[in-house]
Amino acid sequence: MARNDLQGSLDLLVLKTLAQRGRLHGYGIVQHIQRASDALLQVEEGSLYPALHRMEQSGWIRSEWALTETNRKAKYYHLTPVGRKQLDEAEASFEQLVKGVRAMLRYA
Amino acid sequence: MGLINRTRNLFHRERIDAEIGAELRSHIEMAVEDAMHAGMPEAEARRAARLRFGNPVTVRERTMGADTALALEGLWRDVKFALRQLRKSPGFAVTAVLTLALGIGANTGIFSLTRALLLQPLPVAHPSRLIRISLVLNNPGGAVRDMPLNSFMIDSLHRHATTISGIFGWTPYRFVAQQNDGPRIADGALVSGNTFEVLGVRPAVGRLLRPEDDEDGGGPDGWAAVLSYRYWQEHFGGDPSAVGRQVTLSDHKVRVVGVAPKGFEGVIVTARPDFYLPLHFEPVLRGTGSLLRMRGSLWLTAWARVRSGVSKAAAGAEIRSLFRTVIDETLPSSMQHVPVVEHAGLAVDSGSAGWSDLRNEYTRPLLLLQALVGVVLLVCCVNLAGLCLARAATREREFAIRTALGAARARLMRQILVESLLLAGCGGALAIAFSWVTDRYLLRFVADRQAAAALAARPDPALLAITGGCALACALLFGLLPAWMASYGPVEAGLRTSGKNQGHGSRRNLLARRVFVPAQMALTLGLVSVAAMLSSTVWHLRENSTGFNSRGVVLFSTDFTQLHLKSSSLDLLYRRIAARIGQMPGVESVSVAENTPLSGASHLGAFSPTGSPEPGNNPFRYETNAIGSDYFATLGIRMLAGRDFTGSGSDAGACVLNEAAARLLFPAGTALGSSVRQYISSMSTGTQYSQNYRVIGIVDDTRFTSLRAAPPPIIYLPQRDSTDGLEAMTLLIRARTQSEADAAYRRTLHELAPKSAVANPASLEAQMEDSIARENLVATLSEFFAGLALLLSGIGMYGLMASWVARRTAEIGVRMALGATRRAIVGLVAQQVLTLLAVGVAVGGGLALVTGHMVRAFLYEVSPASPEILLLSIAIVGAAAILAAVWPARRAASVDPIQALRSE
């Protein structure tokens, strides 16, 4: 995949995770993506947090501080309605991309 | 919304920073916990988490970036960092800021004058539709003279011109205003009643002049006067009840009807009228000398507004085509076909920026100065670029380390540019203060005090914009290359360099600076040669033989208008005054004259030898000057033949010629004892007559109208009761000291004409200096600019050679160890300097020749390609370069080989 699309796909993964799991902190998001993708996808923490904060500034997600099961303070993120719409769009465009790439591969 | 949020977050930076820190820490803690759960020892778990997480500081910064408007925030941080960096090298910062302040300040200073004199539009409605109409006369010398019109011509144009919606006449007039502290001279203007209407100006209070005010005997309010806003503030405290009050102007009662708007200073740029009165007030002021009803008088500058939808060119064409119609309608029939009128025409100029006498005189000098300061600014920039490169050299290692640690190149570049901008900003701020000072200094050269006051710059947005623009352009010019070079420097090399070479710059860096130094030298050489040419012009003008001796001569411009004397009594009064002054202590000689040399005033006459036909096409070739006795003795003008006027009845019908006039009128050399006939045609009355004079003496030639022009033919006529301008002749006193002359004048005036105004003494030497004020201004400033450029290029050369020596310390050590003498080492440096100099001189020499041709019009007895001047300029620039390299050369020669080799 082109380098430019990496960021777009990270957003998609994060939004999807939050859509599936409701409320989650950054570490949880990393864990979830790793597990759900059978360890095929590794999210770099270095990119995750800037992405989370950017999405929050864009109004796609919202955050609040809460305690984890182990009584540790963590910042939890959840989707906003705008974020849900964004997710739909991102999913649709990702499907398009995949379709396109598949078609190309078959043709070859 | 996002951006607003982010910008707002800038102010909560610390809280957000702490929050991000906490979030990232909790992430790592969770990762460590999970790893320990899986059985990893804590230390190892922590290490693994860190490795996975990457550099926490970077992550934090990037996250921060998502939360805040990073560009703004980063910029602020760059500014803070840049300030810190500059504080670390105060020498560099001070040099840079001062250089910029001088360079930008000189530009702002000259520009503010250029703008005030040439560019600033008048504060009236649609100034671009304003035109100025003048009468063009072709002078004997072939020079075109720009003359004003009169009220008849203006009325005639008003009737015939269809392309203009209004036309008015304007003339400056000096009133005597009765104030609480006594009579004071107040500048004013006499204007047509419709002036303010045509200009589209609204009053600050009351009303402005209307056509009905401009009638014989005044309008509905009597003689209506409009005050300037400034005068209203200063003398009435801005009190609206000033409207309706009576004030006394030049012994006449007038009524204030209103105040002109703030900032309105009339249409003549260098005059600042405080009173505006209608044209019909003029006969009241001047009495029998009034010009208003004189058909041949030329005294009103004419201004018109072009109808909307009509181009200025179309209006100009129509007005020019109306010349003959206007002449036939307004001039007495006897005047309509004299040669002067036949060769005349109407001219139309843009009136949007007003008009000024000074504009003719100073436009070209100002543009030249503007070009020169532009070059100075360029030298400043090149110099600073060199300085910045030198500085970048000392920071090569720092940049290499920062690049290695992951700083983006764009960011490094940005940071250097921020430093440049910061320097330029400081320089610009200082420049404004500096330009204020330079303007005061510059205006001292303008001989006309009042004009100087009008031109004095006041800081305003446009000027600040120019200064800011200059500063920005400088920052980009001198900052971009160093920034680019620094950010694209080879990281590895920068890191590998150990202590020995650090701070002296890579080869690349030195190479770039090697281009800058000759460039600076070349520009400087151009400036120095221009300065040398202009200075030697002034020198030639000063050293010119004038034909008279100015030392010890003091001039007093009398004004006996107020005495209301008959001309025969005036004639007598001058004789008595001269005789009385001659008896005073310290006075060697005294005389009186209509005009004095180099005052700028001139009175041309038409003459031919009696008996020969009337002169043809260009008859006005002779300067005439009405003088009392002892004029030649007072000025030290040599009598070549015959005798001087005696001041008695025997002078009647006599004249004295100077050699040039004698040669022109009597090529055979028979002037003395012959007769000349003067042809006089009065423009005002339309009468023509002639008069004969016997030549009783011949005197040496003298410069008269300017130091530049060759001595003109002069015909001296004796002072008598029919002399023009008899109420305002000039007294010439040669005395041991100026104070003795002044005392003699004051005492005599007190005795013989106690009611007249006392004139200030002016030495003839000062008058001569004033006559070359323009040349002097240009020369002095160009010298100053050349000096500045020399200093800057000296600094540039010094910096480069100092770096060169420092970089080669080890090499020099080896050479010395191998037996090189100190001489040889100095030779090594000299070779470098001379190579740079040779390149600079080669380029600069060409530049000097080109600029020499560009300033040709300013030169006097100096050839633009004069080899002496070029060689002198090269010598000056070379001396500066060598002087700048002396210290680095000494340093090179004093390298201790053992030290140098040990530190290797």
# chains A, B, ... in the order shown; residues from 1 in each chain; ligands from 1

call {"tool": "interface_residues", "arguments": {"of": "chain B", "to": "chain A", "cutoff": "7 Å", "atoms": "only C-alpha atoms", "output": "list of chain:residue names"}}
result
B:Gly2, B:Glu23, B:Ser26, B:His27, B:Phe53, B:Gly54, B:Val59, B:Arg62, B:Thr63, B:Ala66, B:Asp67

call {"tool": "write_last_selection", "arguments": {"atoms": "C-alpha atoms", "output": "PDB file, in the first residue's frame"}}
result
ATOM      1  CA  GLY B   2     -10.211  22.410  15.263  1.00  0.00           C
ATOM      2  CA  GLU B  23      -1.261   9.183  29.179  1.00  0.00           C
ATOM      3  CA  SER B  26       0.148   4.824  31.768  1.00  0.00           C
ATOM      4  CA  HIS B  27       0.537   3.158  28.383  1.00  0.00           C
ATOM      5  CA  PHE B  53       7.354   2.598  22.270  1.00  0.00           C
ATOM      6  CA  GLY B  54      10.257   4.457  20.713  1.00  0.00           C
ATOM      7  CA  VAL B  59       6.089  10.780  20.622  1.00  0.00           C
ATOM      8  CA  ARG B  62       4.213  14.713  17.941  1.00  0.00           C
ATOM      9  CA  THR B  63       1.147  14.136  20.073  1.00  0.00           C
ATOM     10  CA  ALA B  66      -1.842  17.114  17.138  1.00  0.00           C
ATOM     11  CA  ASP B  67      -3.297  19.029  20.050  1.00  0.00           C
TER      12      ASP B  67
END

call {"tool": "select_by_dssp", "arguments": {"residues": "region 173-382 of chain B", "states": "alpha helix (DSSP H)", "output": "ChimeraX atom specification"}}
result
/B:195-199,229-236,282-286,312-321,323-330,339-342,357-382

call {"tool": "residues_around", "arguments": {"residues": "Ile869 (chain B)", "least_positions_apart": "6", "cutoff": "9 Å", "atoms": "only C-alpha atoms", "output": "list in words"}}
result
Ser529, Ala532, Met533, Ser536, Val862 and Ser863 of chain B

call {"tool": "atom_distance", "arguments": {"atom1": "CA of Asp239 (chain B)", "atom2": "CA of Gly263 (chain B)"}}
result
17.6 Å

call {"tool": "atom_distance", "arguments": {"atom1": "CA of Ser608 (chain B)", "atom2": "CA of Asn692 (chain B)"}}
result
9.7 Å

call {"tool": "residues_around", "arguments": {"residues": "region 590-594 of chain B", "least_positions_apart": "4", "cutoff": "7 Å", "atoms": "only C-alpha atoms", "output": "ChimeraX atom specification"}}
result
/B:578,582,625-631,634,729-734

call {"tool": "select_by_dssp", "arguments": {"residues": "chain A", "states": "strand (DSSP E or B)", "output": "VMD selection string"}}
result
chain A and resid 24 to 25 61 to 67 73 to 79

call {"tool": "write_last_selection", "arguments": {"atoms": "C-alpha atoms", "output": "mmCIF file, in the first residue's frame"}}
result
data_model
loop_
_atom_site.group_PDB
_atom_site.id
_atom_site.type_symbol
_atom_site.label_atom_id
_atom_site.label_comp_id
_atom_site.auth_asym_id
_atom_site.auth_seq_id
_atom_site.Cartn_x
_atom_site.Cartn_y
_atom_site.Cartn_z
ATOM 1 C CA LEU A 24 -10.926 1.827 25.270
ATOM 2 C CA HIS A 25 -7.556 3.344 26.221
ATOM 3 C CA ILE A 61 -13.689 10.680 19.194
ATOM 4 C CA ARG A 62 -13.933 11.937 22.718
ATOM 5 C CA SER A 63 -11.909 11.038 25.781
ATOM 6 C CA GLU A 64 -12.107 10.951 29.558
ATOM 7 C CA TRP A 65 -9.851 9.798 32.333
ATOM 8 C CA ALA A 66 -10.990 6.637 34.154
ATOM 9 C CA LEU A 67 -9.578 3.768 36.194
ATOM 10 C CA LYS A 73 -5.583 5.892 35.710
ATOM 11 C CA ALA A 74 -5.896 5.840 31.920
ATOM 12 C CA LYS A 75 -7.413 7.962 29.207
ATOM 13 C CA TYR A 76 -10.398 6.226 27.597
ATOM 14 C CA TYR A 77 -11.588 7.064 24.097
ATOM 15 C CA HIS A 78 -15.011 6.545 22.544
ATOM 16 C CA LEU A 79 -16.620 7.368 19.187
#

call {"tool": "residues_around", "arguments": {"residues": "region 886-903 of chain B", "least_positions_apart": "5", "cutoff": "8 Å", "atoms": "only C-alpha atoms", "output": "list in words"}}
result
Lys500, Tyr798, Met801, Ala802, Val805, Thr809, Ala810, Ile812, Gly813, Val814, Met816, Ala817, Arg822, Arg823, Ile825, Val826, Val829 and Ala830 of chain B

call {"tool": "closest_residue", "arguments": {"among": "B:Phe196, B:Ser650, B:Pro518, B:Leu541", "to": "Ala842 (chain B)", "atoms": "only C-alpha atoms"}}
result
B:Pro518

call {"tool": "atom_distance", "arguments": {"atom1": "CA of Thr325 (chain B)", "atom2": "CA of Ile167 (chain B)"}}
result
16.8 Å
